[in-house]
file my_file18.tsv (TSV, C-alpha atoms)
chain	number	residue	atom	x	y	z
D	1	MET	CA	0.00	0.00	0.00
D	2	ASN	CA	1.31	3.42	-0.97
D	3	ASN	CA	0.63	5.53	2.14
D	4	SER	CA	0.89	8.85	0.33
D	5	THR	CA	-1.81	8.06	-2.22
D	6	GLY	CA	-3.82	5.27	-0.61
D	7	CYS	CA	-3.22	3.05	-3.68
D	8	LEU	CA	-1.89	-0.49	-3.69
D	9	ALA	CA	1.85	-0.95	-4.22
D	10	ASN	CA	1.34	-2.69	-7.58
D	11	ALA	CA	-0.97	-0.02	-8.98
D	12	THR	CA	0.04	1.08	-12.47
D	13	VAL	CA	-1.83	4.38	-12.53
D	14	CYS	CA	-2.73	6.45	-9.47
D	15	ASP	CA	-4.71	9.65	-9.09
D	16	GLY	CA	-5.61	10.46	-5.51
D	17	ALA	CA	-7.83	7.73	-4.10
D	18	SER	CA	-8.41	6.13	-7.51
D	19	CYS	CA	-6.07	3.54	-8.93
D	20	VAL	CA	-5.79	0.80	-11.53
D	21	VAL	CA	-4.03	-2.38	-10.48
D	22	ALA	CA	-2.16	-4.38	-13.08
D	23	ALA	CA	-3.96	-7.58	-13.92
D	24	SER	CA	-2.07	-10.74	-12.97
D	25	ASN	CA	-1.57	-13.67	-15.33
D	26	PHE	CA	-3.89	-15.67	-13.10
D	27	ASN	CA	-6.62	-13.08	-13.57
D	28	ASP	CA	-6.10	-13.13	-17.35
D	29	ILE	CA	-6.44	-16.91	-17.53
D	30	LEU	CA	-9.36	-16.92	-15.10
D	31	SER	CA	-11.09	-14.19	-17.08
D	32	VAL	CA	-10.81	-16.10	-20.38
D	33	VAL	CA	-11.99	-19.40	-18.89
D	34	LEU	CA	-14.89	-17.89	-16.98
D	35	SER	CA	-15.90	-15.76	-19.95
D	36	ALA	CA	-16.19	-18.88	-22.11
D	37	VAL	CA	-18.07	-20.82	-19.42
D	38	LEU	CA	-20.46	-17.95	-18.65
D	39	THR	CA	-21.16	-17.40	-22.35
D	40	ILE	CA	-22.14	-21.06	-22.78
D	41	LEU	CA	-24.26	-20.98	-19.61
D	42	LEU	CA	-25.96	-17.77	-20.70
D	43	ALA	CA	-26.82	-19.27	-24.08
D	44	MET	CA	-28.33	-22.30	-22.32
D	45	VAL	CA	-30.33	-20.06	-19.98
D	46	MET	CA	-31.66	-17.97	-22.87
D	47	PHE	CA	-32.61	-21.20	-24.62
D	48	SER	CA	-34.65	-22.15	-21.55
D	49	MET	CA	-36.24	-18.68	-21.43
D	50	GLY	CA	-37.20	-19.14	-25.07
D	51	CYS	CA	-39.08	-22.28	-23.99
D	52	ASN	CA	-41.55	-19.94	-22.28
D	53	VAL	CA	-42.11	-17.73	-25.33
D	54	GLU	CA	-44.94	-18.46	-27.74
D	55	VAL	CA	-44.34	-17.64	-31.40
D	56	LYS	CA	-47.84	-16.23	-31.90
D	57	LYS	CA	-47.64	-13.86	-28.93
D	58	PHE	CA	-44.06	-12.85	-29.71
D	59	LEU	CA	-45.05	-11.91	-33.25
D	60	GLY	CA	-48.09	-10.14	-31.81
D	61	HIS	CA	-45.79	-7.75	-29.94
D	62	ILE	CA	-43.84	-7.13	-33.15
D	63	LYS	CA	-47.02	-6.42	-35.15
D	64	ARG	CA	-48.59	-4.27	-32.41
D	65	PRO	CA	-45.49	-2.82	-30.79
D	66	TRP	CA	-47.07	-0.53	-28.20
D	67	GLY	CA	-45.15	-2.19	-25.35
D	68	ILE	CA	-41.95	-2.23	-27.40
D	69	CYS	CA	-42.38	1.48	-28.21
D	70	ILE	CA	-42.75	2.29	-24.50
D	71	GLY	CA	-39.64	0.24	-23.81
D	72	PHE	CA	-37.78	2.03	-26.61
D	73	LEU	CA	-38.70	5.42	-25.13
D	74	CYS	CA	-37.49	4.29	-21.71
D	75	GLN	CA	-34.31	2.67	-23.03
D	76	PHE	CA	-33.06	5.40	-25.35
D	77	GLY	CA	-35.03	8.37	-23.97
D	78	ILE	CA	-35.13	8.11	-20.20
D	79	MET	CA	-31.83	6.36	-19.47
D	80	PRO	CA	-29.50	8.72	-21.42
D	81	LEU	CA	-31.38	11.72	-19.99
D	82	VAL	CA	-31.07	10.41	-16.42
D	83	GLY	CA	-27.37	9.80	-16.99
D	84	PHE	CA	-26.94	13.35	-18.22
D	85	ILE	CA	-28.85	14.83	-15.26
D	86	LEU	CA	-26.86	12.79	-12.72
D	87	SER	CA	-23.55	13.77	-14.33
D	88	VAL	CA	-24.43	17.47	-14.16
D	89	ALA	CA	-26.00	17.28	-10.69
D	90	PHE	CA	-22.98	15.62	-9.08
D	91	ASP	CA	-20.47	17.66	-11.12
D	92	ILE	CA	-18.32	14.64	-11.92
D	93	LEU	CA	-15.29	14.85	-14.17
D	94	PRO	CA	-16.01	15.14	-17.92
D	95	ILE	CA	-14.54	11.73	-18.70
D	96	GLN	CA	-16.58	10.17	-15.90
D	97	ALA	CA	-19.72	11.85	-17.22
D	98	VAL	CA	-19.05	10.34	-20.65
D	99	VAL	CA	-18.86	6.83	-19.18
D	100	VAL	CA	-22.08	7.35	-17.23
D	101	LEU	CA	-23.74	8.38	-20.50
D	102	ILE	CA	-22.28	5.37	-22.34
D	103	MET	CA	-23.96	3.19	-19.73
D	104	GLY	CA	-27.24	5.06	-20.19
D	105	CYS	CA	-27.09	4.60	-23.97
D	106	CYS	CA	-26.47	0.83	-23.88
D	107	PRO	CA	-29.30	-1.59	-24.77
D	108	GLY	CA	-30.98	-3.82	-22.21
D	109	GLY	CA	-29.10	-6.79	-20.80
D	110	THR	CA	-30.19	-10.43	-21.00
D	111	ALA	CA	-30.38	-10.67	-17.19
D	112	SER	CA	-33.64	-8.73	-17.47
D	113	ASN	CA	-35.23	-11.72	-19.24
D	114	ILE	CA	-34.35	-14.01	-16.34
D	115	LEU	CA	-35.66	-11.57	-13.75
D	116	ALA	CA	-38.80	-10.91	-15.79
D	117	TYR	CA	-39.54	-14.61	-15.44
D	118	TRP	CA	-39.20	-14.52	-11.66
D	119	VAL	CA	-41.46	-11.47	-11.24
D	120	ASP	CA	-44.17	-13.03	-13.43
D	121	GLY	CA	-43.56	-10.55	-16.22
D	122	ASP	CA	-44.55	-10.82	-19.86
D	123	MET	CA	-41.78	-13.00	-21.27
D	124	ASP	CA	-42.85	-12.44	-24.86
D	125	LEU	CA	-42.55	-8.69	-24.34
D	126	SER	CA	-39.29	-9.04	-22.42
D	127	VAL	CA	-37.54	-11.02	-25.15
D	128	SER	CA	-38.90	-8.81	-27.93
D	129	MET	CA	-37.79	-5.65	-26.09
D	130	THR	CA	-34.27	-6.98	-25.47
D	131	THR	CA	-33.96	-8.07	-29.09
D	132	CYS	CA	-35.25	-4.77	-30.49
D	133	SER	CA	-33.16	-2.60	-28.14
D	134	THR	CA	-29.99	-4.51	-29.05
D	135	LEU	CA	-30.76	-4.18	-32.77
D	136	LEU	CA	-31.69	-0.48	-32.50
D	137	ALA	CA	-28.55	0.20	-30.43
D	138	LEU	CA	-26.57	0.00	-33.68
D	139	GLY	CA	-27.98	3.42	-34.56
D	140	MET	CA	-29.31	4.82	-31.28
D	141	MET	CA	-26.07	4.51	-29.28
D	142	PRO	CA	-24.07	6.81	-31.61
D	143	LEU	CA	-27.01	9.23	-31.87
D	144	CYS	CA	-27.60	9.50	-28.11
D	145	LEU	CA	-23.88	9.85	-27.41
D	146	LEU	CA	-23.64	12.59	-30.05
D	147	ILE	CA	-26.49	14.51	-28.40
D	148	TYR	CA	-25.47	14.17	-24.76
D	149	THR	CA	-21.66	14.04	-24.71
D	150	LYS	CA	-20.79	16.94	-27.02
D	151	MET	CA	-20.47	19.34	-24.06
D	152	TRP	CA	-17.67	17.20	-22.63
D	153	VAL	CA	-15.94	15.40	-25.48
D	154	ASP	CA	-15.85	14.95	-29.25
D	155	SER	CA	-18.22	12.04	-29.87
D	156	GLY	CA	-15.90	10.82	-32.61
D	157	THR	CA	-13.46	9.65	-29.93
D	158	ILE	CA	-15.99	7.13	-28.59
D	159	ILE	CA	-15.66	3.80	-30.39
D	160	ILE	CA	-18.87	1.80	-30.74
D	161	PRO	CA	-18.06	-1.95	-30.99
D	162	TYR	CA	-20.63	-2.88	-33.61
D	163	ASP	CA	-19.24	-6.41	-33.79
D	164	ASN	CA	-19.90	-6.90	-30.06
D	165	ILE	CA	-23.45	-5.62	-30.45
D	166	GLY	CA	-23.96	-8.01	-33.36
D	167	THR	CA	-22.55	-10.87	-31.30
D	168	SER	CA	-24.89	-10.02	-28.41
D	169	LEU	CA	-27.82	-10.00	-30.82
D	170	VAL	CA	-26.91	-13.41	-32.25
D	171	ALA	CA	-26.28	-14.83	-28.76
D	172	LEU	CA	-29.79	-13.71	-27.79
D	173	VAL	CA	-31.79	-14.50	-30.92
D	174	VAL	CA	-30.41	-17.97	-31.76
D	175	PRO	CA	-30.93	-19.75	-28.39
D	176	VAL	CA	-34.28	-18.02	-27.80
D	177	SER	CA	-35.48	-19.02	-31.29
D	178	ILE	CA	-34.52	-22.64	-30.64
D	179	GLY	CA	-36.34	-22.49	-27.30
D	180	MET	CA	-39.45	-21.11	-29.00
D	181	PHE	CA	-39.36	-23.99	-31.48
D	182	VAL	CA	-39.06	-26.53	-28.66
D	183	ASN	CA	-42.00	-24.89	-26.86
D	184	HIS	CA	-44.06	-25.09	-30.03
D	185	LYS	CA	-43.26	-28.74	-30.80
D	186	TRP	CA	-42.85	-30.26	-27.32
D	187	PRO	CA	-44.58	-28.01	-24.73
D	188	GLN	CA	-44.31	-30.54	-21.87
D	189	LYS	CA	-40.56	-30.95	-22.36
D	190	ALA	CA	-40.26	-27.16	-22.59
D	191	LYS	CA	-41.69	-26.90	-19.05
D	192	ILE	CA	-38.91	-29.12	-17.70
D	193	ILE	CA	-36.24	-27.15	-19.55
D	194	LEU	CA	-37.77	-23.91	-18.27
D	195	ARG	CA	-37.72	-25.15	-14.69
D	196	ILE	CA	-34.02	-26.02	-14.86
D	197	GLY	CA	-33.04	-22.92	-16.83
D	198	SER	CA	-34.80	-20.46	-14.52
D	199	ILE	CA	-32.91	-21.77	-11.49
D	200	THR	CA	-29.63	-21.84	-13.44
D	201	GLY	CA	-30.25	-18.27	-14.57
D	202	ALA	CA	-30.72	-17.04	-11.01
D	203	ILE	CA	-27.48	-18.75	-9.96
D	204	LEU	CA	-25.71	-17.36	-13.03
D	205	ILE	CA	-26.64	-13.77	-12.15
D	206	VAL	CA	-25.12	-14.16	-8.69
D	207	LEU	CA	-22.05	-15.91	-10.13
D	208	ILE	CA	-21.38	-13.10	-12.60
D	209	ALA	CA	-21.51	-10.50	-9.80
D	210	VAL	CA	-19.10	-12.52	-7.62
D	211	VAL	CA	-16.68	-13.19	-10.48
D	212	GLY	CA	-16.68	-9.51	-11.44
D	213	GLY	CA	-15.82	-8.52	-7.88
D	214	ILE	CA	-12.90	-10.99	-7.83
D	215	LEU	CA	-11.46	-10.07	-11.23
D	216	TYR	CA	-11.73	-6.30	-10.72
D	217	GLN	CA	-10.86	-5.79	-7.07
D	218	SER	CA	-9.67	-2.25	-7.85
D	219	ALA	CA	-13.32	-1.33	-8.44
D	220	TRP	CA	-13.70	-0.73	-4.74
D	221	ILE	CA	-11.19	2.13	-4.88
D	222	ILE	CA	-12.83	4.87	-6.93
D	223	ALA	CA	-14.27	8.36	-6.60
D	224	PRO	CA	-17.20	8.42	-4.08
D	225	LYS	CA	-19.37	10.42	-6.50
D	226	LEU	CA	-19.30	7.54	-8.98
D	227	TRP	CA	-20.49	5.19	-6.24
D	228	ILE	CA	-23.44	7.49	-5.59
D	229	VAL	CA	-24.26	7.83	-9.29
D	230	GLY	CA	-23.92	4.06	-9.74
D	231	THR	CA	-26.41	3.56	-6.90
D	232	ILE	CA	-29.03	6.06	-8.04
D	233	PHE	CA	-28.87	5.35	-11.78
D	234	PRO	CA	-30.38	1.81	-11.86
D	235	VAL	CA	-33.03	2.71	-9.27
D	236	ALA	CA	-34.07	5.69	-11.39
D	237	GLY	CA	-34.25	3.43	-14.45
D	238	TYR	CA	-36.43	0.83	-12.74
D	239	SER	CA	-38.74	3.43	-11.19
D	240	LEU	CA	-39.19	5.68	-14.21
D	241	GLY	CA	-39.63	2.71	-16.53
D	242	PHE	CA	-42.37	1.31	-14.31
D	243	PHE	CA	-44.24	4.58	-13.93
D	244	LEU	CA	-44.02	5.50	-17.62
D	245	ALA	CA	-45.37	2.08	-18.57
D	246	ARG	CA	-48.21	2.49	-16.08
D	247	ILE	CA	-49.03	5.98	-17.36
D	248	ALA	CA	-49.12	4.53	-20.88
D	249	GLY	CA	-51.84	2.14	-19.73
D	250	LEU	CA	-49.88	-1.13	-19.70
D	251	PRO	CA	-51.08	-3.79	-17.23
D	252	TRP	CA	-49.07	-4.39	-14.08
D	253	HIS	CA	-47.12	-7.44	-15.27
D	254	ARG	CA	-45.95	-5.53	-18.34
D	255	CYS	CA	-45.03	-2.55	-16.18
D	256	ARG	CA	-42.72	-4.84	-14.21
D	257	THR	CA	-41.27	-6.12	-17.48
D	258	VAL	CA	-40.62	-2.62	-18.87
D	259	ALA	CA	-39.09	-1.53	-15.54
D	260	LEU	CA	-36.56	-4.37	-15.63
D	261	GLU	CA	-35.76	-3.83	-19.29
D	262	THR	CA	-35.15	-0.13	-18.60
D	263	GLY	CA	-32.91	-0.36	-15.54
D	264	MET	CA	-31.06	-3.57	-16.47
D	265	GLN	CA	-28.35	-2.43	-18.88
D	266	ASN	CA	-25.80	-4.37	-20.93
D	267	THR	CA	-22.83	-3.55	-18.69
D	268	GLN	CA	-20.48	-5.84	-20.59
D	269	LEU	CA	-21.02	-3.78	-23.74
D	270	CYS	CA	-20.38	-0.60	-21.76
D	271	SER	CA	-17.07	-2.00	-20.47
D	272	THR	CA	-16.01	-2.84	-24.02
D	273	VAL	CA	-16.81	0.67	-25.28
D	274	VAL	CA	-14.86	2.21	-22.39
D	275	GLN	CA	-11.78	0.04	-22.97
D	276	LEU	CA	-11.76	0.82	-26.69
D	277	SER	CA	-12.28	4.56	-26.29
D	278	PHE	CA	-9.89	5.68	-23.54
D	279	THR	CA	-6.19	5.56	-22.75
D	280	GLN	CA	-4.73	3.65	-19.82
D	281	GLU	CA	-4.44	6.86	-17.79
D	282	GLN	CA	-8.08	7.76	-18.45
D	283	LEU	CA	-9.27	4.28	-17.55
D	284	ASN	CA	-8.01	5.01	-14.04
D	285	GLN	CA	-10.99	7.30	-13.44
D	286	VAL	CA	-13.75	5.39	-15.20
D	287	PHE	CA	-13.08	1.72	-15.92
D	288	THR	CA	-14.83	0.28	-12.88
D	289	PHE	CA	-18.08	2.26	-13.17
D	290	PRO	CA	-19.76	-0.45	-15.32
D	291	LEU	CA	-19.02	-2.98	-12.57
D	292	ILE	CA	-20.43	-0.67	-9.90
D	293	TYR	CA	-23.59	-0.19	-11.95
D	294	SER	CA	-23.85	-3.94	-12.52
D	295	ILE	CA	-23.62	-4.69	-8.81
D	296	PHE	CA	-26.30	-2.19	-7.85
D	297	GLN	CA	-28.64	-3.04	-10.71
D	298	LEU	CA	-28.58	-6.66	-9.55
D	299	ALA	CA	-28.88	-5.73	-5.87
D	300	PHE	CA	-31.92	-3.51	-6.37
D	301	ALA	CA	-33.49	-5.99	-8.80
D	302	ALA	CA	-33.13	-8.65	-6.08
D	303	MET	CA	-34.81	-6.30	-3.61
D	304	PHE	CA	-37.69	-5.63	-6.00
D	305	LEU	CA	-38.03	-9.37	-6.59
D	306	GLY	CA	-38.16	-10.01	-2.86
D	307	ILE	CA	-40.83	-7.33	-2.38
D	308	TYR	CA	-42.90	-8.77	-5.21
D	309	LEU	CA	-42.67	-12.32	-3.88
D	310	VAL	CA	-43.78	-11.17	-0.43
D	311	TYR	CA	-46.68	-9.27	-2.02
D	312	LYS	CA	-47.61	-12.27	-4.14
D	313	LYS	CA	-47.53	-14.59	-1.14
D	314	HIS	CA	-49.86	-12.42	0.92
D	315	TYR	CA	-52.17	-10.94	-1.71
D	316	GLY	CA	-51.92	-13.16	-4.76
D	317	LYS	CA	-52.28	-16.78	-3.77
D	318	ASN	CA	-53.97	-17.29	-7.09
D	319	ASN	CA	-53.38	-15.18	-10.19
D	320	LYS	CA	-56.98	-14.06	-10.43
D	321	LYS	CA	-56.60	-11.99	-7.27
D	322	LEU	CA	-53.71	-9.97	-8.67
D	323	PRO	CA	-54.38	-6.46	-10.06
D	324	GLU	CA	-53.56	-7.58	-13.60
D	325	SER	CA	-57.10	-8.93	-13.93
D	326	GLU	CA	-58.52	-5.45	-13.46
D	327	ASP	CA	-56.83	-3.92	-16.48
D	328	ASN	CA	-58.47	-5.67	-19.38
D	329	GLU	CA	-60.13	-8.92	-20.30
D	330	THR	CA	-57.31	-10.20	-22.44
D	331	VAL	CA	-54.69	-10.16	-19.70
D	332	ALA	CA	-55.71	-13.61	-18.51
D	333	GLU	CA	-54.31	-14.99	-21.74
D	334	SER	CA	-50.95	-13.26	-21.47
D	335	SER	CA	-47.62	-14.80	-20.58
D	336	HIS	CA	-47.99	-13.42	-17.06
D	337	TYR	CA	-50.08	-16.41	-16.16
D	338	LYS	CA	-47.74	-18.87	-17.81
D	339	VAL	CA	-44.38	-17.46	-16.84
D	340	ASN	CA	-43.85	-19.81	-13.88
D	341	GLU	CA	-45.54	-22.69	-15.61
D	342	GLY	CA	-42.38	-24.72	-15.31
D	343	PHE	CA	-43.09	-25.05	-11.60
D	344	GLN	CA	-46.75	-26.02	-11.92
D	345	PRO	CA	-47.89	-29.63	-11.39
D	346	GLN	CA	-48.13	-31.67	-14.53
D	347	GLU	CA	-51.66	-31.91	-15.90
D	348	LYS	CA	-53.13	-35.38	-16.06
call {"tool": "encode", "arguments": {"input": "my_file18.tsv", "output": "structure tokens"}}
result
Amino acid sequence: MNNSTGCLANATVCDGASCVVAASNFNDILSVVLSAVLTILLAMVMFSMGCNVEVKKFLGHIKRPWGICIGFLCQFGIMPLVGFILSVAFDILPIQAVVVLIMGCCPGGTASNILAYWVDGDMDLSVSMTTCSTLLALGMMPLCLLIYTKMWVDSGTIIIPYDNIGTSLVALVVPVSIGMFVNHKWPQKAKIILRIGSITGAILIVLIAVVGGILYQSAWIIAPKLWIVGTIFPVAGYSLGFFLARIAGLPWHRCRTVALETGMQNTQLCSTVVQLSFTQEQLNQVFTFPLIYSIFQLAFAAMFLGIYLVYKKHYGKNNKKLPESEDNETVAESSHYKVNEGFQPQEK
């Protein structure tokens, strides 16, 4: 430990209380291995989530994209704006503000699909929103960054990894499509796959958070303002997404879905953009913000899930008693009532 700066002795770049520690060979090897394993596991989980999506209802959201449009407004309207407001309000450094905005301009992450399952959300809407936001990010990310970052930096210096976005899109669409096919052809087998995949997905979310904390231990040494921004940002996304969806007239289960899709960002994509766009010295001040956001988005999502499960236990012992039934007559046919079907007794 360097007593004069508060940084570790092996830190490569130091600036006050912030530092970047050189990655060890062990961390490099561990990162590659775990990245490969987690990618395979994530593909399997998304395959299982696809087993809960019905082709007809999925295409229905595409043909009548009111829910998707609300999600689009939240994803590329609310989140970049919230990032901009937080950056100005806390008067963070320009380079830090740019990274906060990069996070706000990223599409939704696949973890939102897993959590949408556990909160009895509309899985058809969740998957369609994640797919559309990832596809639209190819154009909306550069546009939003051009609008919001020009007061701090030339937007041309920010490198958008289009190949990574394309890879994310393929990694989402292919396993989900296969899962949808399985659900269409063998619905009973799809229930079993869904049951296993939902539990695996919950474990995977926790595993990713733990692994990130181990690989990037320097994340815990960073400017306090970024900690505060990283705490408020996902909560604002969840809350504003929920309320906007409710104001737009969506039923409660779709409001929960839109909320998760809004606040749950693709932090891995953000990390890639940051690493490609900044020098080693600049990374000192910003590199760990995506990890901070990831930790808090998962923590608050877990809290919201816990609150919902307690509510459901006390007030919704059967789905007909839940508020969704008050919104419209067609809600009873939505995925909300089938989302946990993998845990229902087999029909005889």
call {"tool": "atom_distance", "arguments": {"input": "my_file18.tsv", "atom1": "atom CA of D:Thr257", "atom2": "atom CA of D:Met46"}}
result
16.2 Å
call {"tool": "atom_distance", "arguments": {"input": "my_file18.tsv", "atom1": "atom CA of D:Ser133", "atom2": "atom CA of D:Gln75"}}
result
7.4 Å
call {"tool": "residues_around", "arguments": {"input": "my_file18.tsv", "residues": "D:Ile196", "least_positions_apart": "3", "cutoff": "9 Å", "atoms": "all atoms listed in the file", "output": "list in words"}}
result
Val45, Ser48, Lys191, Ile192, Ile193, Ile199, Thr200, Gly201 and Gly342 of chain D
call {"tool": "residues_around", "arguments": {"input": "my_file18.tsv", "residues": "D:Gly139", "least_positions_apart": "4", "cutoff": "12 Å", "atoms": "only C-alpha atoms", "output": "list in words"}}
result
Phe76, Cys105, Cys106, Pro107, Cys132, Ser133, Thr134, Leu135, Leu143, Cys144, Leu145, Leu146, Ile160, Pro161, Tyr162 and Ile165 of chain D
call {"tool": "atom_distance", "arguments": {"input": "my_file18.tsv", "atom1": "atom CA of D:Val53", "atom2": "atom CA of D:Leu115"}}
result
14.6 Å
call {"tool": "residues_around", "arguments": {"input": "my_file18.tsv", "residues": "D:Pro80", "least_positions_apart": "6", "cutoff": "12 Å", "atoms": "only C-alpha atoms", "output": "tab-separated table (two decimals) with C-alpha atoms, in the frame of the given file"}}
result
chain	number	residue	atom	x	y	z
D	72	PHE	CA	-37.78	2.03	-26.61
D	73	LEU	CA	-38.70	5.42	-25.13
D	74	CYS	CA	-37.49	4.29	-21.71
D	86	LEU	CA	-26.86	12.79	-12.72
D	87	SER	CA	-23.55	13.77	-14.33
D	97	ALA	CA	-19.72	11.85	-17.22
D	98	VAL	CA	-19.05	10.34	-20.65
D	99	VAL	CA	-18.86	6.83	-19.18
D	100	VAL	CA	-22.08	7.35	-17.23
D	101	LEU	CA	-23.74	8.38	-20.50
D	102	ILE	CA	-22.28	5.37	-22.34
D	103	MET	CA	-23.96	3.19	-19.73
D	104	GLY	CA	-27.24	5.06	-20.19
D	105	CYS	CA	-27.09	4.60	-23.97
D	106	CYS	CA	-26.47	0.83	-23.88
D	107	PRO	CA	-29.30	-1.59	-24.77
D	140	MET	CA	-29.31	4.82	-31.28
D	141	MET	CA	-26.07	4.51	-29.28
D	142	PRO	CA	-24.07	6.81	-31.61
D	143	LEU	CA	-27.01	9.23	-31.87
D	144	CYS	CA	-27.60	9.50	-28.11
D	145	LEU	CA	-23.88	9.85	-27.41
D	146	LEU	CA	-23.64	12.59	-30.05
D	147	ILE	CA	-26.49	14.51	-28.40
D	148	TYR	CA	-25.47	14.17	-24.76
D	149	THR	CA	-21.66	14.04	-24.71
D	233	PHE	CA	-28.87	5.35	-11.78
D	234	PRO	CA	-30.38	1.81	-11.86
D	236	ALA	CA	-34.07	5.69	-11.39
D	237	GLY	CA	-34.25	3.43	-14.45
D	262	THR	CA	-35.15	-0.13	-18.60
D	263	GLY	CA	-32.91	-0.36	-15.54
D	265	GLN	CA	-28.35	-2.43	-18.88
call {"tool": "closest_residue", "arguments": {"input": "my_file18.tsv", "among": "D:Met180, D:Val274, D:Met264, D:Ala43", "to": "D:Ser239", "atoms": "all atoms listed in the file"}}
result
D:Met264
call {"tool": "residues_around", "arguments": {"input": "my_file18.tsv", "residues": "stretch 89-91 of chain D", "least_positions_apart": "3", "cutoff": "8 Å", "atoms": "only C-alpha atoms", "output": "list in words"}}
result
Ile85, Leu86, Lys225 and Val229 of chain D
call {"tool": "closest_residue", "arguments": {"input": "my_file18.tsv", "among": "D:Leu276, D:Thr267, D:Leu309, D:Glu261", "to": "D:Ala116", "atoms": "only C-alpha atoms"}}
result
D:Glu261
call {"tool": "closest_residue", "arguments": {"input": "my_file18.tsv", "among": "D:Ile228, D:Val170, D:Met49, D:Val119", "to": "D:Arg256", "atoms": "all atoms listed in the file"}}
result
D:Val119
call {"tool": "closest_atom_pairs", "arguments": {"input": "my_file18.tsv", "of": "stretch 117-231 of chain D", "to": "stretch 278-293 of chain D", "cutoff": "7 Å", "atoms": "all atoms listed in the file", "output": "CSV"}}
result
residue,atom,partner,partner_atom,distance
D:Ala219,CA,D:Thr288,CA,5.0
D:Leu226,CA,D:Phe289,CA,6.9
D:Trp227,CA,D:Ile292,CA,6.9
D:Gly230,CA,D:Tyr293,CA,4.8
D:Thr231,CA,D:Tyr293,CA,6.9
call {"tool": "residues_around", "arguments": {"input": "my_file18.tsv", "residues": "D:Lys63", "least_positions_apart": "6", "cutoff": "12 Å", "atoms": "all atoms listed in the file", "output": "ChimeraX atom specification"}}
result
/D:56-57,69,125,128
call {"tool": "closest_residue", "arguments": {"input": "my_file18.tsv", "among": "D:Ile92, D:Ile222, D:Met79, D:Val176", "to": "D:Val127", "atoms": "only C-alpha atoms"}}
result
D:Val176
call {"tool": "closest_residue", "arguments": {"input": "my_file18.tsv", "among": "D:Trp186, D:Trp66, D:Phe84, D:Phe58", "to": "D:Asp124", "atoms": "all atoms listed in the file"}}
result
D:Phe58
call {"tool": "closest_residue", "arguments": {"input": "my_file18.tsv", "among": "D:Ile232, D:Gly121, D:Val174, D:Arg195", "to": "D:Tyr308", "atoms": "all atoms listed in the file"}}
result
D:Gly121
